[in-house]
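Structure file structure-v4.txt (compact mmCIF, C-alpha atoms) follows.
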```txt
# COMPACT_ATOMS: atom_id res chain seq x y z
CA ARG P 24 137.21 73.73 194.67
CA VAL P 25 134.35 71.57 195.94
CA SER P 26 133.44 74.20 198.46
CA PHE P 27 133.48 76.94 195.74
CA MET P 28 131.14 74.98 193.46
CA ASN P 29 128.74 74.29 196.28
CA ASN P 30 128.53 78.03 197.01
CA GLN P 31 127.27 78.87 193.48
CA LYS P 32 123.58 79.83 193.32
CA PRO P 33 121.35 77.24 191.69
CA GLN P 34 119.92 78.34 188.28
CA LYS P 35 116.28 79.46 188.20
CA PRO P 36 113.92 77.12 186.35
CA THR P 37 112.70 78.35 182.93
CA LEU P 38 109.37 77.75 181.21
CA SER P 39 109.57 75.74 178.05
CA GLY P 40 107.11 74.20 175.62
CA GLN P 41 104.34 75.58 173.41
CA ARG P 42 103.24 79.23 173.75
CA PHE P 43 99.59 79.95 174.59
CA LYS P 44 97.36 80.98 171.70
CA THR P 45 96.00 84.53 171.71
CA ARG P 46 92.37 84.63 172.75
CA LYS P 47 89.86 85.25 169.94
CA ARG P 48 88.83 88.73 171.12
CA ASP P 49 92.50 89.88 171.20
CA GLU P 50 93.06 89.02 167.57
CA LYS P 51 93.27 92.01 165.23
CA GLU P 52 90.19 92.16 163.04
CA ARG P 53 90.94 91.55 159.37
CA PHE P 54 90.59 94.64 157.13
CA ASP P 55 87.62 93.86 154.88
CA PRO P 56 86.20 96.88 153.00
CA THR P 57 84.05 94.59 150.78
CA GLN P 58 81.98 93.37 153.73
CA PHE P 59 81.65 96.97 154.98
CA GLN P 60 80.55 98.09 151.51
CA ASP P 61 77.85 95.38 151.37
CA CYS P 62 76.44 96.51 154.73
CA ILE P 63 76.28 100.19 153.65
CA ILE P 64 74.83 99.43 150.20
CA GLN P 65 72.18 97.13 151.66
CA GLY P 66 71.14 99.89 154.08
CA LEU P 67 71.07 102.53 151.30
CA THR P 68 68.96 100.25 149.11
CA GLU P 69 66.42 100.03 151.94
CA THR P 70 66.31 103.80 152.52
CA GLY P 71 65.82 104.57 148.83
CA THR P 72 66.39 108.12 147.57
CA ASP P 73 64.92 109.84 150.66
CA LEU P 74 68.05 111.72 151.80
CA GLU P 75 66.69 112.36 155.29
CA ALA P 76 66.28 108.60 155.72
CA VAL P 77 69.82 108.16 154.32
CA ALA P 78 71.20 110.59 156.94
CA LYS P 79 69.37 108.73 159.74
CA PHE P 80 70.65 105.35 158.49
CA LEU P 81 74.27 106.65 158.36
CA ASP P 82 73.91 108.15 161.84
CA ALA P 83 72.68 104.86 163.33
CA SER P 84 75.18 102.69 161.40
CA GLY P 85 78.14 104.54 162.91
CA ALA P 86 77.45 102.79 166.22
CA LYS P 87 77.65 99.32 164.62
CA LEU P 88 80.10 99.75 161.73
CA ASP P 89 83.73 100.88 161.94
CA TYR P 90 83.57 104.26 160.16
CA ARG P 91 87.02 105.20 161.41
CA ARG P 92 88.64 102.27 159.61
CA TYR P 93 86.49 102.33 156.49
CA ALA P 94 86.11 106.10 155.96
CA GLU P 95 87.45 105.97 152.39
CA THR P 96 85.06 103.18 151.40
CA LEU P 97 82.12 104.99 153.04
CA PHE P 98 82.76 108.21 151.13
CA ASP P 99 83.47 106.36 147.85
CA ILE P 100 79.99 104.81 148.14
CA LEU P 101 78.23 108.07 149.02
CA VAL P 102 79.85 109.94 146.13
CA ALA P 103 80.32 107.31 143.39
CA GLY P 104 78.03 104.43 144.45
CA GLY P 105 80.77 101.92 145.29
CA MET P 106 84.48 101.47 145.91
CA LEU P 107 86.73 103.30 143.45
CA ALA P 108 89.74 101.70 141.82
CA PRO P 109 92.84 103.86 141.10
CA GLY P 110 91.97 106.35 138.35
CA GLY P 111 88.37 106.76 139.43
CA THR P 112 86.62 103.74 137.89
CA LEU P 113 84.13 101.66 139.88
CA ALA P 114 85.13 98.04 140.45
CA ASP P 115 82.83 95.98 138.14
CA ASP P 116 82.52 92.88 140.28
CA MET P 117 81.05 94.70 143.27
CA THR P 118 77.54 95.68 144.25
CA ARG P 119 76.80 99.37 143.79
CA THR P 120 74.06 101.77 144.80
CA ASN P 121 72.18 104.51 142.99
CA VAL P 122 71.81 106.45 146.26
CA CYS P 123 74.94 108.55 145.61
CA VAL P 124 76.04 111.93 144.29
CA PHE P 125 77.01 110.62 140.84
CA ALA P 126 73.61 108.98 140.27
CA ALA P 127 71.62 112.02 141.49
CA GLN P 128 70.09 114.83 139.43
CA GLU P 129 72.53 117.45 138.17
CA ASP P 130 71.16 120.55 139.88
CA LEU P 131 72.10 122.82 142.76
CA GLU P 132 69.10 121.93 144.93
CA THR P 133 69.90 118.19 144.85
CA MET P 134 73.57 118.87 145.65
CA GLN P 135 72.53 121.10 148.57
CA ALA P 136 70.48 118.18 149.94
CA PHE P 137 73.48 115.83 149.57
CA ALA P 138 75.70 118.42 151.28
CA GLN P 139 73.35 118.19 154.28
CA VAL P 140 73.89 114.41 154.43
CA PHE P 141 77.69 114.92 154.63
CA ASN P 142 77.32 117.78 157.14
CA LYS P 143 75.16 115.71 159.49
CA LEU P 144 77.43 112.69 159.21
CA ILE P 145 80.63 114.66 159.94
CA ARG P 146 79.02 116.66 162.76
CA ARG P 147 77.95 113.37 164.36
CA TYR P 148 81.31 111.64 163.82
CA LYS P 149 83.92 114.42 164.07
CA TYR P 150 86.79 111.98 163.45
CA LEU P 151 85.57 111.64 159.82
CA GLU P 152 86.63 115.24 159.01
CA LYS P 153 90.18 114.33 157.99
CA GLY P 154 89.06 111.22 156.09
CA PHE P 155 86.51 113.25 154.14
CA GLU P 156 89.08 115.91 153.24
CA ASP P 157 91.46 113.19 152.00
CA GLU P 158 88.62 111.63 150.01
CA VAL P 159 87.78 114.90 148.23
CA LYS P 160 91.47 115.50 147.41
CA LYS P 161 91.58 111.99 145.91
CA LEU P 162 88.33 112.51 143.95
CA LEU P 163 89.72 115.73 142.46
CA LEU P 164 92.80 113.87 141.25
CA PHE P 165 90.47 111.25 139.66
CA LEU P 166 88.42 113.85 137.71
CA LYS P 167 89.49 112.54 134.29
CA GLY P 168 87.98 109.15 135.19
CA PHE P 169 84.50 110.66 135.69
CA SER P 170 81.92 111.76 133.13
CA GLU P 171 81.28 115.48 132.57
CA SER P 172 77.98 115.25 134.46
CA GLU P 173 79.66 113.49 137.41
CA ARG P 174 82.35 116.18 137.47
CA ASN P 175 79.70 118.93 137.45
CA LYS P 176 77.86 117.36 140.38
CA LEU P 177 81.07 116.91 142.35
CA ALA P 178 82.05 120.53 141.63
CA MET P 179 78.69 121.88 142.84
CA LEU P 180 78.83 119.72 145.98
CA THR P 181 82.43 120.78 146.73
CA GLY P 182 81.53 124.47 146.32
CA ILE P 183 78.64 124.11 148.80
CA LEU P 184 80.81 122.24 151.33
CA LEU P 185 83.54 124.89 151.02
CA ALA P 186 80.93 127.59 151.64
CA ASN P 187 79.56 125.98 154.82
CA GLY P 188 83.01 125.19 156.21
CA THR P 189 82.79 121.38 156.01
CA LEU P 190 85.78 121.47 153.67
CA ASN P 191 88.94 123.57 153.80
CA ALA P 192 90.05 125.47 150.67
CA SER P 193 93.42 123.65 150.78
CA ILE P 194 91.71 120.75 148.94
CA LEU P 195 91.91 122.91 145.79
CA ASN P 196 95.62 122.04 145.61
CA SER P 197 94.55 118.83 143.84
CA LEU P 198 93.27 120.92 140.91
CA TYR P 199 96.82 122.09 140.18
CA ASN P 200 97.71 118.57 139.00
CA GLU P 201 99.65 118.99 135.75
CA ASN P 202 97.52 116.62 133.65
CA LEU P 203 94.21 118.09 134.84
CA VAL P 204 95.45 121.62 134.11
CA LYS P 205 96.88 120.70 130.70
CA GLU P 206 93.62 119.14 129.49
CA GLY P 207 91.43 122.01 130.74
CA VAL P 208 89.67 119.81 133.31
CA SER P 209 90.77 121.97 136.27
CA ALA P 210 89.47 125.26 134.84
CA ALA P 211 86.11 123.77 133.76
CA PHE P 212 85.67 122.15 137.19
CA ALA P 213 86.62 125.43 138.94
CA VAL P 214 83.84 127.29 137.07
CA LYS P 215 81.10 125.04 138.51
CA LEU P 216 82.76 124.94 141.93
CA PHE P 217 83.11 128.73 142.29
CA LYS P 218 79.58 129.33 140.99
CA SER P 219 78.05 127.18 143.74
CA TRP P 220 80.48 128.56 146.36
CA ILE P 221 79.65 132.19 145.52
CA ASN P 222 75.95 131.30 145.27
CA GLU P 223 76.06 130.05 148.90
CA LYS P 224 78.18 132.94 150.22
CA ASP P 225 79.73 135.82 148.24
CA ILE P 226 83.09 136.70 146.67
CA ASN P 227 84.34 138.32 149.90
CA ALA P 228 83.79 135.12 151.90
CA VAL P 229 85.50 133.12 149.13
CA ALA P 230 88.45 135.56 149.22
CA VAL P 231 88.83 135.13 153.01
CA SER P 232 88.88 131.32 152.68
CA LEU P 233 91.45 131.42 149.87
CA ARG P 234 93.65 133.88 151.76
CA LYS P 235 93.70 131.63 154.87
CA VAL P 236 95.37 128.84 152.89
CA ASN P 237 97.61 131.16 150.76
CA MET P 238 95.67 130.35 147.62
CA ASP P 239 94.49 133.89 146.85
CA ASN P 240 97.37 134.42 144.39
CA ARG P 241 97.40 130.95 142.83
CA LEU P 242 94.14 130.82 140.85
CA MET P 243 95.87 131.51 137.53
CA GLU P 244 97.65 128.15 137.96
CA LEU P 245 94.35 126.54 136.89
CA PHE P 246 95.66 127.24 133.37
CA PRO P 247 98.86 126.00 131.64
CA ALA P 248 101.93 128.27 131.97
CA ASN P 249 101.45 129.83 128.50
CA LYS P 250 97.91 130.95 129.45
CA GLN P 251 98.62 132.24 132.96
CA SER P 252 97.72 135.89 132.38
CA VAL P 253 95.10 138.14 133.98
CA GLU P 254 93.61 138.75 130.53
CA HIS P 255 93.12 135.03 129.79
CA PHE P 256 91.77 134.29 133.28
CA SER P 257 89.43 137.27 133.15
CA LYS P 258 88.06 136.40 129.69
CA TYR P 259 87.53 132.70 130.57
CA PHE P 260 85.71 133.26 133.86
CA THR P 261 83.76 136.35 132.74
CA GLU P 262 82.40 134.41 129.74
CA ALA P 263 81.46 131.61 132.16
CA GLY P 264 79.41 134.09 134.22
CA LEU P 265 81.93 134.67 137.01
CA LYS P 266 82.79 138.33 136.54
CA GLU P 267 83.28 138.86 140.30
CA LEU P 268 85.97 136.13 140.37
CA SER P 269 87.71 137.74 137.35
CA GLU P 270 87.71 141.12 139.09
CA TYR P 271 88.99 139.55 142.31
CA VAL P 272 91.96 137.95 140.52
CA ARG P 273 92.67 141.19 138.64
CA ASN P 274 92.67 143.05 141.94
CA GLN P 275 94.93 140.43 143.59
CA GLN P 276 97.34 140.71 140.67
CA SER P 277 97.35 144.48 141.02
CA ILE P 278 98.06 144.25 144.79
CA GLY P 279 100.94 141.87 144.04
CA ALA P 280 102.31 144.21 141.37
CA ARG P 281 102.10 147.19 143.76
CA LYS P 282 103.96 145.29 146.49
CA GLU P 283 106.63 144.24 144.00
CA LEU P 284 106.94 147.83 142.75
CA GLN P 285 107.44 149.17 146.28
CA LYS P 286 110.04 146.50 147.07
CA GLU P 287 112.01 147.23 143.89
CA LEU P 288 111.75 151.01 144.43
CA GLN P 289 113.23 150.74 147.91
CA GLU P 290 116.10 148.64 146.57
CA GLN P 291 116.79 151.17 143.78
CA MET P 292 116.76 154.04 146.29
CA SER P 293 119.08 152.24 148.71
CA ARG P 294 121.51 151.61 145.82
CA GLY P 295 121.30 155.28 144.86
CA ASP P 296 120.14 154.61 141.28
CA PRO P 297 119.73 157.76 139.12
CA PHE P 298 116.20 159.25 139.23
CA LYS P 299 115.84 159.03 135.44
CA ASP P 300 116.31 155.22 135.65
CA ILE P 301 113.85 154.93 138.56
CA ILE P 302 111.26 157.08 136.73
CA LEU P 303 111.61 154.98 133.58
CA TYR P 304 111.18 151.73 135.56
CA VAL P 305 108.10 153.02 137.42
CA LYS P 306 106.44 154.25 134.20
CA GLU P 307 106.98 150.86 132.56
CA GLU P 308 105.44 149.09 135.60
CA MET P 309 102.47 151.51 135.56
CA LYS P 310 101.78 150.67 131.93
CA LYS P 311 102.37 146.91 132.29
CA ASN P 312 100.21 146.46 135.41
CA ASN P 313 97.69 149.24 134.79
CA ILE P 314 98.65 151.12 137.99
CA SER P 315 97.29 154.66 138.34
CA GLU P 316 99.44 157.73 139.03
CA GLN P 317 97.58 158.25 142.35
CA THR P 318 98.60 154.77 143.47
CA VAL P 319 102.20 155.27 142.34
CA VAL P 320 102.62 158.57 144.19
CA THR P 321 101.56 156.92 147.48
CA ILE P 322 104.03 154.06 146.85
CA ILE P 323 106.86 156.54 146.15
CA TRP P 324 106.00 158.58 149.27
CA SER P 325 106.02 155.42 151.47
CA SER P 326 109.28 154.22 149.90
CA VAL P 327 110.99 157.63 150.33
CA MET P 328 109.91 157.86 154.00
CA SER P 329 111.00 154.29 154.81
CA THR P 330 114.60 154.73 153.60
CA VAL P 331 115.57 156.90 156.60
CA GLU P 332 116.14 156.36 160.30
CA TRP P 333 114.23 159.38 161.62
CA ASN P 334 115.43 161.47 164.57
CA LYS P 335 113.35 161.03 167.71
CA LYS P 336 113.61 164.73 168.62
CA GLU P 337 110.77 166.83 167.25
CA GLU P 338 112.91 169.96 166.76
CA LEU P 339 115.45 168.03 164.64
CA VAL P 340 113.13 165.78 162.62
CA ALA P 341 111.61 168.65 160.59
CA GLU P 342 115.05 169.79 159.45
CA GLN P 343 116.01 166.20 158.61
CA ALA P 344 112.74 165.65 156.68
CA ILE P 345 113.13 168.82 154.59
CA LYS P 346 116.69 167.92 153.63
CA HIS P 347 115.66 164.33 152.71
CA LEU P 348 112.48 165.27 150.81
CA LYS P 349 114.21 168.06 148.90
CA GLN P 350 116.54 165.41 147.49
CA TYR P 351 113.59 163.22 146.35
CA SER P 352 111.26 166.00 145.14
CA PRO P 353 112.17 165.49 141.41
CA LEU P 354 111.05 161.86 141.71
CA LEU P 355 107.71 162.83 143.30
CA ALA P 356 107.24 165.67 140.78
CA ALA P 357 107.44 163.15 137.91
CA PHE P 358 104.27 161.45 139.25
CA THR P 359 102.13 164.44 140.26
CA THR P 360 101.11 165.52 136.76
CA GLN P 361 97.40 165.43 137.71
CA GLY P 362 95.55 167.46 140.34
CA GLN P 363 94.14 164.25 141.84
CA SER P 364 97.67 162.85 142.30
CA GLU P 365 98.73 166.03 144.11
CA LEU P 366 95.70 165.82 146.41
CA THR P 367 96.45 162.13 147.07
CA LEU P 368 100.01 163.05 148.05
CA LEU P 369 98.76 165.82 150.38
CA LEU P 370 96.48 163.35 152.15
CA LYS P 371 99.35 160.85 152.51
CA ILE P 372 101.55 163.59 154.04
CA GLN P 373 98.75 164.54 156.46
CA GLU P 374 98.23 160.90 157.44
CA TYR P 375 101.97 160.31 157.90
CA CYS P 376 102.48 163.42 160.06
CA TYR P 377 99.48 162.47 162.22
CA ASP P 378 100.58 158.82 162.63
CA ASN P 379 104.20 159.81 163.45
CA ILE P 380 103.91 162.21 166.38
CA HIS P 381 107.37 163.80 165.84
CA PHE P 382 106.17 165.04 162.42
CA MET P 383 103.09 166.93 163.69
CA LYS P 384 104.85 170.32 163.44
CA ALA P 385 106.60 169.48 160.14
CA PHE P 386 103.45 169.27 157.96
CA GLN P 387 103.40 172.90 156.77
CA LYS P 388 107.17 172.90 156.07
CA ILE P 389 106.85 169.77 153.90
CA VAL P 390 103.93 171.25 151.92
CA VAL P 391 105.79 174.56 151.34
CA LEU P 392 108.90 172.65 150.21
CA PHE P 393 106.85 170.64 147.70
CA TYR P 394 105.14 173.81 146.48
CA LYS P 395 108.52 175.44 145.80
CA ALA P 396 109.82 172.24 144.17
CA GLU P 397 106.73 172.13 141.89
CA VAL P 398 105.53 168.82 143.31
CA LEU P 399 102.34 170.53 144.54
CA SER P 400 100.45 173.47 143.01
CA GLU P 401 98.02 176.09 144.37
CA GLU P 402 94.70 174.52 143.41
CA PRO P 403 95.07 171.13 145.16
CA ILE P 404 96.49 172.83 148.29
CA LEU P 405 93.53 175.24 148.42
CA LYS P 406 91.09 172.37 147.81
CA TRP P 407 92.72 170.32 150.58
CA TYR P 408 92.43 173.28 152.96
CA LYS P 409 88.80 174.02 152.08
CA ASP P 410 87.13 170.59 152.17
CA ALA P 411 89.34 167.71 151.02
CA HIS P 412 91.45 167.19 154.17
CA LEU P 413 91.23 164.17 156.47
CA ALA P 414 89.83 164.34 160.00
CA LYS P 415 93.19 163.16 161.42
CA GLY P 416 94.85 166.14 163.17
CA LYS P 417 92.63 168.48 161.15
CA SER P 418 92.65 171.46 163.56
CA VAL P 419 96.46 171.34 164.04
CA PHE P 420 97.26 171.09 160.33
CA LEU P 421 94.71 173.69 159.19
CA GLU P 422 96.11 176.13 161.76
CA GLN P 423 99.65 175.47 160.49
CA MET P 424 98.56 176.09 156.90
CA LYS P 425 96.46 179.22 157.55
CA LYS P 426 99.08 181.88 156.68
CA PHE P 427 100.46 179.99 153.70
CA VAL P 428 96.93 179.47 152.30
CA GLU P 429 96.17 183.20 152.70
CA TRP P 430 99.37 183.98 150.84
CA LEU P 431 98.40 181.50 148.09
CA LYS P 432 94.94 183.06 147.76
CA ASN P 433 96.47 186.53 147.44
CA ALA P 434 98.99 185.26 144.91
CA GLU P 435 96.17 183.58 142.99
CA GLU P 436 94.12 186.80 143.01
CA GLY P 437 97.22 188.75 141.91
CA LYS P 438 97.70 186.33 139.00
CA GLN P 439 94.05 186.63 137.97
CA GLN P 440 94.23 190.44 138.07
CA LEU P 441 97.44 190.38 136.02
CA SER P 442 95.94 188.06 133.40
CA SER P 443 92.75 190.19 133.12
CA GLN P 444 94.87 193.32 132.61
CA THR P 445 96.98 191.69 129.88
CA ALA P 446 93.96 190.10 128.19
```
Is it possible to express this structure as structure tokens?
Amino acid sequence: RVSFMNNQKPQKPTLSGQRFKTRKRDEKERFDPTQFQDCIIQGLTETGTDLEAVAKFLDASGAKLDYRRYAETLFDILVAGGMLAPGGTLADDMTRTNVCVFAAQEDLETMQAFAQVFNKLIRRYKYLEKGFEDEVKKLLLFLKGFSESERNKLAMLTGILLANGTLNASILNSLYNENLVKEGVSAAFAVKLFKSWINEKDINAVAVSLRKVNMDNRLMELFPANKQSVEHFSKYFTEAGLKELSEYVRNQQSIGARKELQKELQEQMSRGDPFKDIILYVKEEMKKNNISEQTVVTIIWSSVMSTVEWNKKEELVAEQAIKHLKQYSPLLAAFTTQGQSELTLLLKIQEYCYDNIHFMKAFQKIVVLFYKAEVLSEEPILKWYKDAHLAKGKSVFLEQMKKFVEWLKNAEEGKQQLSSQTA
């Protein structure tokens, strides 16, 4: 036993006693936005209202002050003049500055100059991009806490920054806040914002930005649910001098309605719904969404052609197409009551046959079928042949149609002679 105990390894000594204090430079700096605010406000007071001097001061201060940590405070000061409390009010017990957006003149030129200050600052300190975006989202939620003039200035500034790419259109999500929408704040703010945005760019550039963040179909949400109609939106923004925005939304709504119509049509066809029910549904949608017959006939053609798995062999596809289209000709005939609709359909058939190589030789057979089924009549076919055709596959299709067109011309002349004899 003695020998066993002697063989055990002695225990290693352990350190005990007081732990060493962390050195001063290793201590985490205390978060103190008030001290940061005082430094910025003092500097802005010295620069005065010269915005170029303001930009230079902010550029130089970034090397000494911790912009990364105090981004929210920095942007609160530059927009509102001091730190904002929840709801958008300025804390009373703190120093504030008049060198800010809210204290500036309410005009586009002044806001363009302020936009330059933000652009320069964010270009110099790229890490501020995210902080600035978060700040603007917050400011938009605080809109009710600001005066009408402050809101107008913020709207103009936001529109300019959206136009030059400093801000992303996703910030507009804040405007869909229920309370802001309900009280009409969102729509009024949007008027000023879109005016300055379109003034800097144009409606097409605005549309591209909105589409990138899937906001192109959400603008009607600026109004309460009971006012979310194209008519209300159009009236409100047209009266505010934004006719191009009204037309854009109307067009977006129409595109959405057309997509929905095509989707529903394809479902009805795949279910094998009776044509009379399909025709009734389409006519109701045309009336409700102000869709033209020319548009509808192209939607029906696309839907009819997408319901089939087409044969890959050229000699068999024509036969398959004729059989399929013969079945759907009453549906197409219901929406070719105007010459322009017939011509539109002819052009769609030409385009389809050109884009789908197996259909190149089927063009004439499809046209003759539709002529016999009273989907197409002589005049539009003759007009298409003479000067209304597309360039796509022109020589091939005109050659195919040559004999049939000659026959039509003769038949037309025969009709005219007959009518002159009976007159």
For the point (86.1, 96.9, 144.2) in file coordinates, what residues are within 12 Å, counting only C-alpha atoms? Give the answer as a PDB file with C-alpha atoms, keeping the file's coordinate frame?
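Saved as part_6.pdb:
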```
ATOM      1  CA  ASP P  55      87.620  93.860 154.880  1.00  0.00           C
ATOM      2  CA  PRO P  56      86.200  96.880 153.000  1.00  0.00           C
ATOM      3  CA  THR P  57      84.050  94.590 150.780  1.00  0.00           C
ATOM      4  CA  GLN P  58      81.980  93.370 153.730  1.00  0.00           C
ATOM      5  CA  PHE P  59      81.650  96.970 154.980  1.00  0.00           C
ATOM      6  CA  GLN P  60      80.550  98.090 151.510  1.00  0.00           C
ATOM      7  CA  ASP P  61      77.850  95.380 151.370  1.00  0.00           C
ATOM      8  CA  THR P  96      85.060 103.180 151.400  1.00  0.00           C
ATOM      9  CA  ASP P  99      83.470 106.360 147.850  1.00  0.00           C
ATOM     10  CA  ILE P 100      79.990 104.810 148.140  1.00  0.00           C
ATOM     11  CA  ALA P 103      80.320 107.310 143.390  1.00  0.00           C
ATOM     12  CA  GLY P 104      78.030 104.430 144.450  1.00  0.00           C
ATOM     13  CA  GLY P 105      80.770 101.920 145.290  1.00  0.00           C
ATOM     14  CA  MET P 106      84.480 101.470 145.910  1.00  0.00           C
ATOM     15  CA  LEU P 107      86.730 103.300 143.450  1.00  0.00           C
ATOM     16  CA  ALA P 108      89.740 101.700 141.820  1.00  0.00           C
ATOM     17  CA  PRO P 109      92.840 103.860 141.100  1.00  0.00           C
ATOM     18  CA  GLY P 111      88.370 106.760 139.430  1.00  0.00           C
ATOM     19  CA  THR P 112      86.620 103.740 137.890  1.00  0.00           C
ATOM     20  CA  LEU P 113      84.130 101.660 139.880  1.00  0.00           C
ATOM     21  CA  ALA P 114      85.130  98.040 140.450  1.00  0.00           C
ATOM     22  CA  ASP P 115      82.830  95.980 138.140  1.00  0.00           C
ATOM     23  CA  ASP P 116      82.520  92.880 140.280  1.00  0.00           C
ATOM     24  CA  MET P 117      81.050  94.700 143.270  1.00  0.00           C
ATOM     25  CA  THR P 118      77.540  95.680 144.250  1.00  0.00           C
ATOM     26  CA  ARG P 119      76.800  99.370 143.790  1.00  0.00           C
TER      27      ARG P 119
END
```
Shell of 12 Å around Cys123 (chain P), all atoms listed in the file, local chain residues under 3 positions omitted, as a ChimeraX atom specification
/P:63-64,67-68,71-74,77,97-106,119-120,126-129,133-134,136-138,140-141,173,176-177,180
Give, as AutoDock Vina command-line options, the centre coordinates and the x, y and z edge lengths in Å to one decimal for an axis-aligned box around all listed atoms of region 314-319 of chain P, padded by 8 Å on each side.
```
--center_x 99.7 --center_y 154.7 --center_z 140.7 --size_x 20.9 --size_y 23.1 --size_z 21.5
```
Could you check how far CA of Ser219 (chain P) sits from CA of Gly207 (chain P), in Å to one decimal?
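Going from CA of Ser219 (chain P) over to CA of Gly207 (chain P) covers 19.4 Å.
Counting only C-alpha atoms and comparing P:Asn191, P:Ser326, P:Ser400, P:Asn313, the residue that lies closest to Ala356 (chain P) is P:Ser400.
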Ranking P:Leu355, P:Leu164, P:Val208, P:Val214 by minimum distance to Gly264 (chain P) and counting all atoms listed in the file, which one comes first?
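Selected residue with least distance to Gly264 (chain P): P:Val214.
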Place a sphere of radius 12 Å on (82.7, 135.6, 147.6) in the file coordinates and name every protein, DNA or RNA residue with an atom inside or on its surface, counting all atoms listed in the file; give the answer as a CSV table (one decimal) with C-alpha atoms, in the frame of the given file.
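Wrote it out as point.csv, contents follow:
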```csv
chain,number,residue,atom,x,y,z
P,182,GLY,CA,81.5,124.5,146.3
P,185,LEU,CA,83.5,124.9,151.0
P,186,ALA,CA,80.9,127.6,151.6
P,217,PHE,CA,83.1,128.7,142.3
P,218,LYS,CA,79.6,129.3,141.0
P,219,SER,CA,78.0,127.2,143.7
P,220,TRP,CA,80.5,128.6,146.4
P,221,ILE,CA,79.6,132.2,145.5
P,222,ASN,CA,76.0,131.3,145.3
P,223,GLU,CA,76.1,130.0,148.9
P,224,LYS,CA,78.2,132.9,150.2
P,225,ASP,CA,79.7,135.8,148.2
P,226,ILE,CA,83.1,136.7,146.7
P,227,ASN,CA,84.3,138.3,149.9
P,228,ALA,CA,83.8,135.1,151.9
P,229,VAL,CA,85.5,133.1,149.1
P,230,ALA,CA,88.4,135.6,149.2
P,231,VAL,CA,88.8,135.1,153.0
P,232,SER,CA,88.9,131.3,152.7
P,233,LEU,CA,91.4,131.4,149.9
P,234,ARG,CA,93.6,133.9,151.8
P,239,ASP,CA,94.5,133.9,146.8
P,265,LEU,CA,81.9,134.7,137.0
P,266,LYS,CA,82.8,138.3,136.5
P,267,GLU,CA,83.3,138.9,140.3
P,268,LEU,CA,86.0,136.1,140.4
P,269,SER,CA,87.7,137.7,137.4
P,270,GLU,CA,87.7,141.1,139.1
P,271,TYR,CA,89.0,139.6,142.3
P,272,VAL,CA,92.0,138.0,140.5
```
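Between CA of Leu245 (chain P) and CA of Ala213 (chain P) there is a distance of 8.1 Å.
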Contact residues around Arg273 (chain P) with all atoms listed in the file at 10 Å, ignoring same-chain residues under 4 positions, as a PDB file with C-alpha atoms, in the frame of the given file:
```
ATOM      1  CA  SER P 252      97.720 135.890 132.380  1.00  0.00           C
ATOM      2  CA  VAL P 253      95.100 138.140 133.980  1.00  0.00           C
ATOM      3  CA  GLU P 254      93.610 138.750 130.530  1.00  0.00           C
ATOM      4  CA  PHE P 256      91.770 134.290 133.280  1.00  0.00           C
ATOM      5  CA  SER P 257      89.430 137.270 133.150  1.00  0.00           C
ATOM      6  CA  GLU P 267      83.280 138.860 140.300  1.00  0.00           C
ATOM      7  CA  LEU P 268      85.970 136.130 140.370  1.00  0.00           C
ATOM      8  CA  SER P 269      87.710 137.740 137.350  1.00  0.00           C
ATOM      9  CA  SER P 277      97.350 144.480 141.020  1.00  0.00           C
ATOM     10  CA  ILE P 278      98.060 144.250 144.790  1.00  0.00           C
ATOM     11  CA  GLY P 279     100.940 141.870 144.040  1.00  0.00           C
ATOM     12  CA  ASN P 312     100.210 146.460 135.410  1.00  0.00           C
TER      13      ASN P 312
END
```
Can you tell me how far CA of Tyr199 (chain P) sits from CA of Glu244 (chain P), in Å to one decimal?
6.5 Å
Contacts of Met238 (chain P) within 9 Å, only C-alpha atoms, excl. fewer than 2 positions in-chain, as a list of chain:residue names:
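Contacts, in chain order: P:Ala192, P:Ser193, P:Leu195, P:Asn196, P:Ser232, P:Leu233, P:Arg234, P:Lys235, P:Val236, P:Asn240, P:Arg241, P:Leu242.
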Spatial neighbours of Thr360 (chain P), 10 Å, only C-alpha atoms, chain gap at least 3 places, as a list in words
Glu316, Gln317, Leu355, Ala356, Ala357, Gln363, Ser364, Glu365, Val398 and Leu399 of chain P
What's the 8 Å shell around Val390 (chain P), counting only C-alpha atoms, without same-chain residues fewer than 4 positions away, as a PyMOL selection string?
chain P and resi 369+386+394+399
Give the answer as one residue: which of P:Phe393, P:Phe246, P:Phe260, P:Tyr377 has the shortest atom-to-atom distance to Lys349 (chain P), using all atoms listed in the file?
P:Phe393
Residue nearest Asn379 (chain P) among P:Lys426, P:Lys335, P:Lys432, P:Lys310 (counting only C-alpha atoms):
P:Lys335
Min atom-atom distance to Gln251 (chain P) from the set P:Tyr375, P:Glu422, P:Ala210, P:Leu166, counting only C-alpha atoms, belongs to P:Ala210
